[in-house]
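work.pdb (PDB, N, CA and C atoms)
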ATOM      1  N   MET A  28     113.788  83.066 172.882
ATOM      2  CA  MET A  28     113.956  81.837 172.138
ATOM      3  C   MET A  28     113.002  81.867 170.934
ATOM      4  N   GLN A  29     113.518  81.451 169.807
ATOM      5  CA  GLN A  29     112.714  81.397 168.591
ATOM      6  C   GLN A  29     111.741  80.210 168.669
ATOM      7  N   LEU A  30     110.616  80.331 167.984
ATOM      8  CA  LEU A  30     109.601  79.275 168.003
ATOM      9  C   LEU A  30     110.171  77.946 167.532
ATOM     10  N   SER A  31     110.978  77.966 166.477
ATOM     11  CA  SER A  31     111.552  76.711 165.976
ATOM     12  C   SER A  31     112.454  76.057 167.020
ATOM     13  N   GLU A  32     113.163  76.865 167.800
ATOM     14  CA  GLU A  32     114.002  76.333 168.873
ATOM     15  C   GLU A  32     113.151  75.733 169.983
ATOM     16  N   ALA A  33     112.020  76.373 170.277
ATOM     17  CA  ALA A  33     111.111  75.869 171.304
ATOM     18  C   ALA A  33     110.526  74.515 170.885
ATOM     19  N   ILE A  34     110.170  74.391 169.610
ATOM     20  CA  ILE A  34     109.646  73.123 169.098
ATOM     21  C   ILE A  34     110.717  72.053 169.194
ATOM     22  N   GLN A  35     111.913  72.394 168.792
ATOM     23  CA  GLN A  35     113.034  71.459 168.858
ATOM     24  C   GLN A  35     113.265  71.012 170.307
ATOM     25  N   LYS A  36     113.280  71.943 171.228
ATOM     26  CA  LYS A  36     113.514  71.630 172.636
ATOM     27  C   LYS A  36     112.409  70.722 173.178
ATOM     28  N   ARG A  37     111.178  70.985 172.779
ATOM     29  CA  ARG A  37     110.047  70.174 173.253
ATOM     30  C   ARG A  37     110.163  68.740 172.734
ATOM     31  N   ILE A  38     110.553  68.578 171.485
ATOM     32  CA  ILE A  38     110.721  67.237 170.917
ATOM     33  C   ILE A  38     111.841  66.498 171.650
ATOM     34  N   ILE A  39     112.932  67.180 171.926
ATOM     35  CA  ILE A  39     114.043  66.570 172.661
ATOM     36  C   ILE A  39     113.559  66.083 174.033
ATOM     37  N   THR A  40     112.826  66.937 174.727
ATOM     38  CA  THR A  40     112.303  66.589 176.051
ATOM     39  C   THR A  40     111.396  65.372 175.982
ATOM     40  N   LEU A  41     110.481  65.358 175.019
ATOM     41  CA  LEU A  41     109.549  64.235 174.899
ATOM     42  C   LEU A  41     110.264  62.948 174.512
ATOM     43  N   CYS A  42     111.264  63.048 173.649
ATOM     44  CA  CYS A  42     112.043  61.853 173.286
ATOM     45  C   CYS A  42     112.729  61.271 174.518
ATOM     46  N   LYS A  43     113.283  62.134 175.347
ATOM     47  CA  LYS A  43     113.946  61.667 176.563
ATOM     48  C   LYS A  43     112.946  61.069 177.547
ATOM     49  N   GLN A  44     111.795  61.744 177.722
ATOM     50  CA  GLN A  44     110.782  61.268 178.659
ATOM     51  C   GLN A  44     110.238  59.899 178.254
ATOM     52  N   GLN A  45     110.055  59.704 176.959
ATOM     53  CA  GLN A  45     109.469  58.458 176.468
ATOM     54  C   GLN A  45     110.520  57.450 176.025
ATOM     55  N   ASN A  46     111.789  57.813 176.173
ATOM     56  CA  ASN A  46     112.893  56.944 175.771
ATOM     57  C   ASN A  46     112.690  56.445 174.330
ATOM     58  N   ILE A  47     112.518  57.413 173.432
ATOM     59  CA  ILE A  47     112.224  57.104 172.034
ATOM     60  C   ILE A  47     113.291  57.727 171.136
ATOM     61  N   THR A  48     113.699  57.008 170.136
ATOM     62  CA  THR A  48     114.707  57.516 169.190
ATOM     63  C   THR A  48     114.014  58.304 168.081
ATOM     64  N   LEU A  49     114.802  59.055 167.339
ATOM     65  CA  LEU A  49     114.248  59.794 166.198
ATOM     66  C   LEU A  49     113.671  58.840 165.165
ATOM     67  N   ASN A  50     114.343  57.733 164.937
ATOM     68  CA  ASN A  50     113.862  56.768 163.966
ATOM     69  C   ASN A  50     112.503  56.202 164.387
ATOM     70  N   LYS A  51     112.360  55.874 165.660
ATOM     71  CA  LYS A  51     111.092  55.346 166.172
ATOM     72  C   LYS A  51     110.015  56.423 166.107
ATOM     73  N   LEU A  52     110.374  57.659 166.437
ATOM     74  CA  LEU A  52     109.416  58.760 166.366
ATOM     75  C   LEU A  52     108.921  58.933 164.933
ATOM     76  N   ALA A  53     109.833  58.887 163.980
ATOM     77  CA  ALA A  53     109.448  59.019 162.571
ATOM     78  C   ALA A  53     108.490  57.898 162.178
ATOM     79  N   THR A  54     108.798  56.679 162.578
ATOM     80  CA  THR A  54     107.940  55.536 162.255
ATOM     81  C   THR A  54     106.563  55.707 162.890
ATOM     82  N   ASN A  55     106.545  56.045 164.177
ATOM     83  CA  ASN A  55     105.270  56.225 164.886
ATOM     84  C   ASN A  55     104.447  57.378 164.321
ATOM     85  N   SER A  56     105.132  58.383 163.792
ATOM     86  CA  SER A  56     104.470  59.592 163.287
ATOM     87  C   SER A  56     104.005  59.449 161.844
ATOM     88  N   GLY A  57     104.531  58.457 161.153
ATOM     89  CA  GLY A  57     104.215  58.320 159.739
ATOM     90  C   GLY A  57     104.939  59.348 158.892
ATOM     91  N   LEU A  58     106.042  59.869 159.416
ATOM     92  CA  LEU A  58     106.844  60.856 158.698
ATOM     93  C   LEU A  58     108.164  60.225 158.294
ATOM     94  N   SER A  59     108.815  60.829 157.328
ATOM     95  CA  SER A  59     110.134  60.334 156.947
ATOM     96  C   SER A  59     111.137  60.707 158.035
ATOM     97  N   TYR A  60     112.172  59.922 158.122
ATOM     98  CA  TYR A  60     113.229  60.196 159.095
ATOM     99  C   TYR A  60     113.842  61.568 158.830
ATOM    100  N   SER A  61     114.011  61.912 157.561
ATOM    101  CA  SER A  61     114.637  63.194 157.222
ATOM    102  C   SER A  61     113.784  64.379 157.692
ATOM    103  N   THR A  62     112.464  64.241 157.668
ATOM    104  CA  THR A  62     111.593  65.312 158.156
ATOM    105  C   THR A  62     111.774  65.513 159.651
ATOM    106  N   VAL A  63     111.731  64.418 160.394
ATOM    107  CA  VAL A  63     111.895  64.498 161.846
ATOM    108  C   VAL A  63     113.303  64.987 162.186
ATOM    109  N   PHE A  64     114.295  64.498 161.481
ATOM    110  CA  PHE A  64     115.690  64.904 161.681
ATOM    111  C   PHE A  64     115.830  66.413 161.472
ATOM    112  N   SER A  65     115.226  66.924 160.410
ATOM    113  CA  SER A  65     115.329  68.355 160.092
ATOM    114  C   SER A  65     114.739  69.225 161.192
ATOM    115  N   ILE A  66     113.630  68.799 161.751
ATOM    116  CA  ILE A  66     113.007  69.561 162.833
ATOM    117  C   ILE A  66     113.842  69.429 164.105
ATOM    118  N   PHE A  67     114.250  68.210 164.415
ATOM    119  CA  PHE A  67     115.003  67.921 165.638
ATOM    120  C   PHE A  67     116.314  68.696 165.688
ATOM    121  N   TYR A  68     116.989  68.795 164.570
ATOM    122  CA  TYR A  68     118.285  69.471 164.541
ATOM    123  C   TYR A  68     118.209  70.913 164.059
ATOM    124  N   GLY A  69     116.995  71.474 164.010
ATOM    125  CA  GLY A  69     116.834  72.884 163.710
ATOM    126  C   GLY A  69     117.075  73.278 162.272
ATOM    127  N   LYS A  70     117.085  72.319 161.366
ATOM    128  CA  LYS A  70     117.293  72.636 159.958
ATOM    129  C   LYS A  70     115.990  73.109 159.301
ATOM    130  N   SER A  71     114.874  72.789 159.935
ATOM    131  CA  SER A  71     113.568  73.245 159.462
ATOM    132  C   SER A  71     113.129  74.381 160.381
ATOM    133  N   ASN A  72     113.134  75.597 159.867
ATOM    134  CA  ASN A  72     112.835  76.754 160.701
ATOM    135  C   ASN A  72     111.359  76.978 160.973
ATOM    136  N   SER A  73     110.509  76.407 160.148
ATOM    137  CA  SER A  73     109.078  76.632 160.361
ATOM    138  C   SER A  73     108.276  75.393 159.957
ATOM    139  N   PRO A  74     108.306  74.361 160.803
ATOM    140  CA  PRO A  74     107.534  73.169 160.481
ATOM    141  C   PRO A  74     106.033  73.478 160.477
ATOM    142  N   LYS A  75     105.321  72.852 159.579
ATOM    143  CA  LYS A  75     103.883  73.066 159.485
ATOM    144  C   LYS A  75     103.189  72.450 160.688
ATOM    145  N   LEU A  76     102.044  73.020 161.038
ATOM    146  CA  LEU A  76     101.275  72.512 162.164
ATOM    147  C   LEU A  76     100.853  71.063 161.918
ATOM    148  N   ALA A  77     100.551  70.725 160.683
ATOM    149  CA  ALA A  77     100.173  69.346 160.361
ATOM    150  C   ALA A  77     101.320  68.384 160.649
ATOM    151  N   THR A  78     102.546  68.818 160.411
ATOM    152  CA  THR A  78     103.718  67.989 160.716
ATOM    153  C   THR A  78     103.863  67.812 162.219
ATOM    154  N   ILE A  79     103.654  68.885 162.964
ATOM    155  CA  ILE A  79     103.721  68.789 164.418
ATOM    156  C   ILE A  79     102.618  67.874 164.934
ATOM    157  N   LEU A  80     101.456  67.920 164.312
ATOM    158  CA  LEU A  80     100.361  67.020 164.696
ATOM    159  C   LEU A  80     100.780  65.567 164.506
ATOM    160  N   HIS A  81     101.430  65.262 163.402
ATOM    161  CA  HIS A  81     101.926  63.897 163.172
ATOM    162  C   HIS A  81     102.934  63.502 164.258
ATOM    163  N   ILE A  82     103.796  64.423 164.615
ATOM    164  CA  ILE A  82     104.779  64.152 165.662
ATOM    165  C   ILE A  82     104.066  63.888 166.993
ATOM    166  N   CYS A  83     103.035  64.670 167.273
ATOM    167  CA  CYS A  83     102.250  64.447 168.487
ATOM    168  C   CYS A  83     101.640  63.051 168.486
ATOM    169  N   GLU A  84     101.120  62.638 167.345
ATOM    170  CA  GLU A  84     100.558  61.295 167.240
ATOM    171  C   GLU A  84     101.636  60.245 167.499
ATOM    172  N   GLY A  85     102.839  60.507 167.044
ATOM    173  CA  GLY A  85     103.953  59.598 167.287
ATOM    174  C   GLY A  85     104.290  59.479 168.764
ATOM    175  N   PHE A  86     104.085  60.557 169.500
ATOM    176  CA  PHE A  86     104.319  60.543 170.943
ATOM    177  C   PHE A  86     103.087  60.058 171.716
ATOM    178  N   GLY A  87     101.938  60.006 171.035
ATOM    179  CA  GLY A  87     100.702  59.623 171.715
ATOM    180  C   GLY A  87     100.133  60.734 172.571
ATOM    181  N   ILE A  88     100.330  61.980 172.122
ATOM    182  CA  ILE A  88      99.820  63.143 172.850
ATOM    183  C   ILE A  88      99.029  64.028 171.890
ATOM    184  N   THR A  89      98.327  64.987 172.449
ATOM    185  CA  THR A  89      97.575  65.942 171.641
ATOM    186  C   THR A  89      98.430  67.176 171.362
ATOM    187  N   LEU A  90      97.966  67.989 170.420
ATOM    188  CA  LEU A  90      98.646  69.267 170.169
ATOM    189  C   LEU A  90      98.658  70.127 171.428
ATOM    190  N   GLY A  91      97.540  70.098 172.144
ATOM    191  CA  GLY A  91      97.456  70.866 173.383
ATOM    192  C   GLY A  91      98.519  70.454 174.388
ATOM    193  N   GLU A  92      98.722  69.150 174.507
ATOM    194  CA  GLU A  92      99.749  68.646 175.422
ATOM    195  C   GLU A  92     101.145  69.036 174.946
ATOM    196  N   PHE A  93     101.334  69.020 173.645
ATOM    197  CA  PHE A  93     102.643  69.398 173.097
ATOM    198  C   PHE A  93     102.968  70.847 173.432
ATOM    199  N   PHE A  94     101.995  71.734 173.217
ATOM    200  CA  PHE A  94     102.243  73.155 173.417
ATOM    201  C   PHE A  94     102.027  73.624 174.857
ATOM    202  N   ALA A  95     101.524  72.741 175.731
ATOM    203  CA  ALA A  95     101.316  73.087 177.136
ATOM    204  C   ALA A  95     102.627  72.926 177.897
ATOM    205  N   ASP A  96     103.589  73.701 177.509
ATOM    206  CA  ASP A  96     104.922  73.651 178.108
ATOM    207  C   ASP A  96     105.423  75.086 178.215
ATOM    208  N   SER A  97     106.070  75.389 179.312
ATOM    209  CA  SER A  97     106.530  76.768 179.539
ATOM    210  C   SER A  97     107.527  77.240 178.483
ATOM    211  N   THR A  98     108.111  76.314 177.747
ATOM    212  CA  THR A  98     109.039  76.675 176.672
ATOM    213  C   THR A  98     108.379  77.624 175.677
ATOM    214  N   PHE A  99     107.099  77.451 175.456
ATOM    215  CA  PHE A  99     106.393  78.247 174.461
ATOM    216  C   PHE A  99     105.893  79.581 174.986
ATOM    217  N   ASP A 100     105.969  79.786 176.303
ATOM    218  CA  ASP A 100     105.465  81.031 176.890
ATOM    219  C   ASP A 100     106.214  82.262 176.409
ATOM    220  N   THR A 101     107.483  82.110 176.117
ATOM    221  CA  THR A 101     108.293  83.255 175.703
ATOM    222  C   THR A 101     108.836  83.110 174.284
ATOM    223  N   ALA A 102     108.328  82.121 173.567
ATOM    224  CA  ALA A 102     108.817  81.889 172.200
ATOM    225  C   ALA A 102     108.434  83.053 171.290
ATOM    226  N   GLU A 103     109.342  83.390 170.408
ATOM    227  CA  GLU A 103     109.123  84.467 169.446
ATOM    228  C   GLU A 103     109.083  83.908 168.052
ATOM    229  N   GLN A 104     108.406  84.617 167.186
ATOM    230  CA  GLN A 104     108.311  84.198 165.793
ATOM    231  C   GLN A 104     109.703  84.203 165.152
ATOM    232  N   ASP A 105     109.954  83.202 164.331
ATOM    233  CA  ASP A 105     111.244  83.112 163.613
ATOM    234  C   ASP A 105     111.345  84.211 162.585
TER     235      ASP A 105
END
Entire entry expressed as structure tokens:
Amino acid sequence: MQLSEAIQKRIITLCKQQNITLNKLATNSGLSYSTVFSIFYGKSNSPKLATILHICEGFGITLGEFFADSTFDTAEQD
């Protein structure tokens, strides 16, 4: 699995766990809806770490918690 796919999958999982929409995630993260949409739907192949940090803040988790998922154990560089 490519890293961008792993990030996308993790965001999907967290949205489901927290029952949060993309629009709410964007608002909570301080990011534009189009930025979150691009990552969520795989249109952004290499989101910056700072963007992922904002997304983590939107979920109320740390970067460590975001990446502490087995999805990333086998992720490969895009």
Show which residues sit within 7 Å of segment 34-48 of chain A, as JSON, numbers by chain. Count all atoms listed in the file, and ignore same-chain residues fewer than 4 positions away. {"A": [29, 30, 52, 53, 66, 67, 68, 69]}
Mind giving me the straight-line distance from atom CA of Ser61 of chain A to atom N of Ile88 of chain A in Å, one decimal?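 Value for the atom CA of Ser61 of chain A-atom N of Ile88 of chain A distance: 20.7 Å.
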Could the centre and edge lengths of an axis-aligned box, enclosing all atoms of segment 42-54 of chain A in the file with 6 Å extra on each side, be given in Å to one decimal as JSON?
{"center_x": 110.7, "center_y": 59.2, "center_z": 170.4, "size_x": 20.2, "size_y": 19.7, "size_z": 28.5}
May I ask for the distance between atom C of Leu58 of chain A and atom C of Leu90 of chain A, given in Å to one decimal place? 19.0 Å
From the set A:Val63, A:Met28, A:Leu49, A:Ala33, which residue has the shortest atom-to-atom contact distance to Thr78 of chain A, counting only C-alpha atoms? A:Val63
Would you compute the distance between atom CA of Ala102 of chain A and atom CA of Glu84 of chain A? Give it in Å to one decimal.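 Atom CA of Glu84 of chain A lies 22.7 Å from atom CA of Ala102 of chain A.
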Can you pull out every residue from chain A that DSSP, working from the backbone, puts in alpha helix (DSSP H), and format the result as a PyMOL selection string? chain A and resi 30-45+49-56+60-67+76-86+90-94
Which polymer residues have any atom within 7 Å of an atom of Ile82 of chain A, counting all atoms listed in the file, with same-chain residues fewer than 5 positions away left out, as a PDB file with N, CA and C atoms, in the frame of the given file?
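Written file, out_28.pdb:
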ATOM      1  N   LEU A  52     110.374  57.659 166.437  1.00  0.00           N
ATOM      2  CA  LEU A  52     109.416  58.760 166.366  1.00  0.00           C
ATOM      3  C   LEU A  52     108.921  58.933 164.933  1.00  0.00           C
ATOM      4  N   ASN A  55     106.545  56.045 164.177  1.00  0.00           N
ATOM      5  CA  ASN A  55     105.270  56.225 164.886  1.00  0.00           C
ATOM      6  C   ASN A  55     104.447  57.378 164.321  1.00  0.00           C
ATOM      7  N   SER A  56     105.132  58.383 163.792  1.00  0.00           N
ATOM      8  CA  SER A  56     104.470  59.592 163.287  1.00  0.00           C
ATOM      9  C   SER A  56     104.005  59.449 161.844  1.00  0.00           C
ATOM     10  N   GLY A  57     104.531  58.457 161.153  1.00  0.00           N
ATOM     11  CA  GLY A  57     104.215  58.320 159.739  1.00  0.00           C
ATOM     12  C   GLY A  57     104.939  59.348 158.892  1.00  0.00           C
ATOM     13  N   ALA A  77     100.551  70.725 160.683  1.00  0.00           N
ATOM     14  CA  ALA A  77     100.173  69.346 160.361  1.00  0.00           C
ATOM     15  C   ALA A  77     101.320  68.384 160.649  1.00  0.00           C
ATOM     16  N   GLY A  87     101.938  60.006 171.035  1.00  0.00           N
ATOM     17  CA  GLY A  87     100.702  59.623 171.715  1.00  0.00           C
ATOM     18  C   GLY A  87     100.133  60.734 172.571  1.00  0.00           C
ATOM     19  N   ILE A  88     100.330  61.980 172.122  1.00  0.00           N
ATOM     20  CA  ILE A  88      99.820  63.143 172.850  1.00  0.00           C
ATOM     21  C   ILE A  88      99.029  64.028 171.890  1.00  0.00           C
TER      22      ILE A  88
END
Tell me which of A:Ser97, A:Ile79, A:Asn72, A:Ser65 sits closest to Glu32 of chain A, counting only N, CA and C atoms. A:Asn72
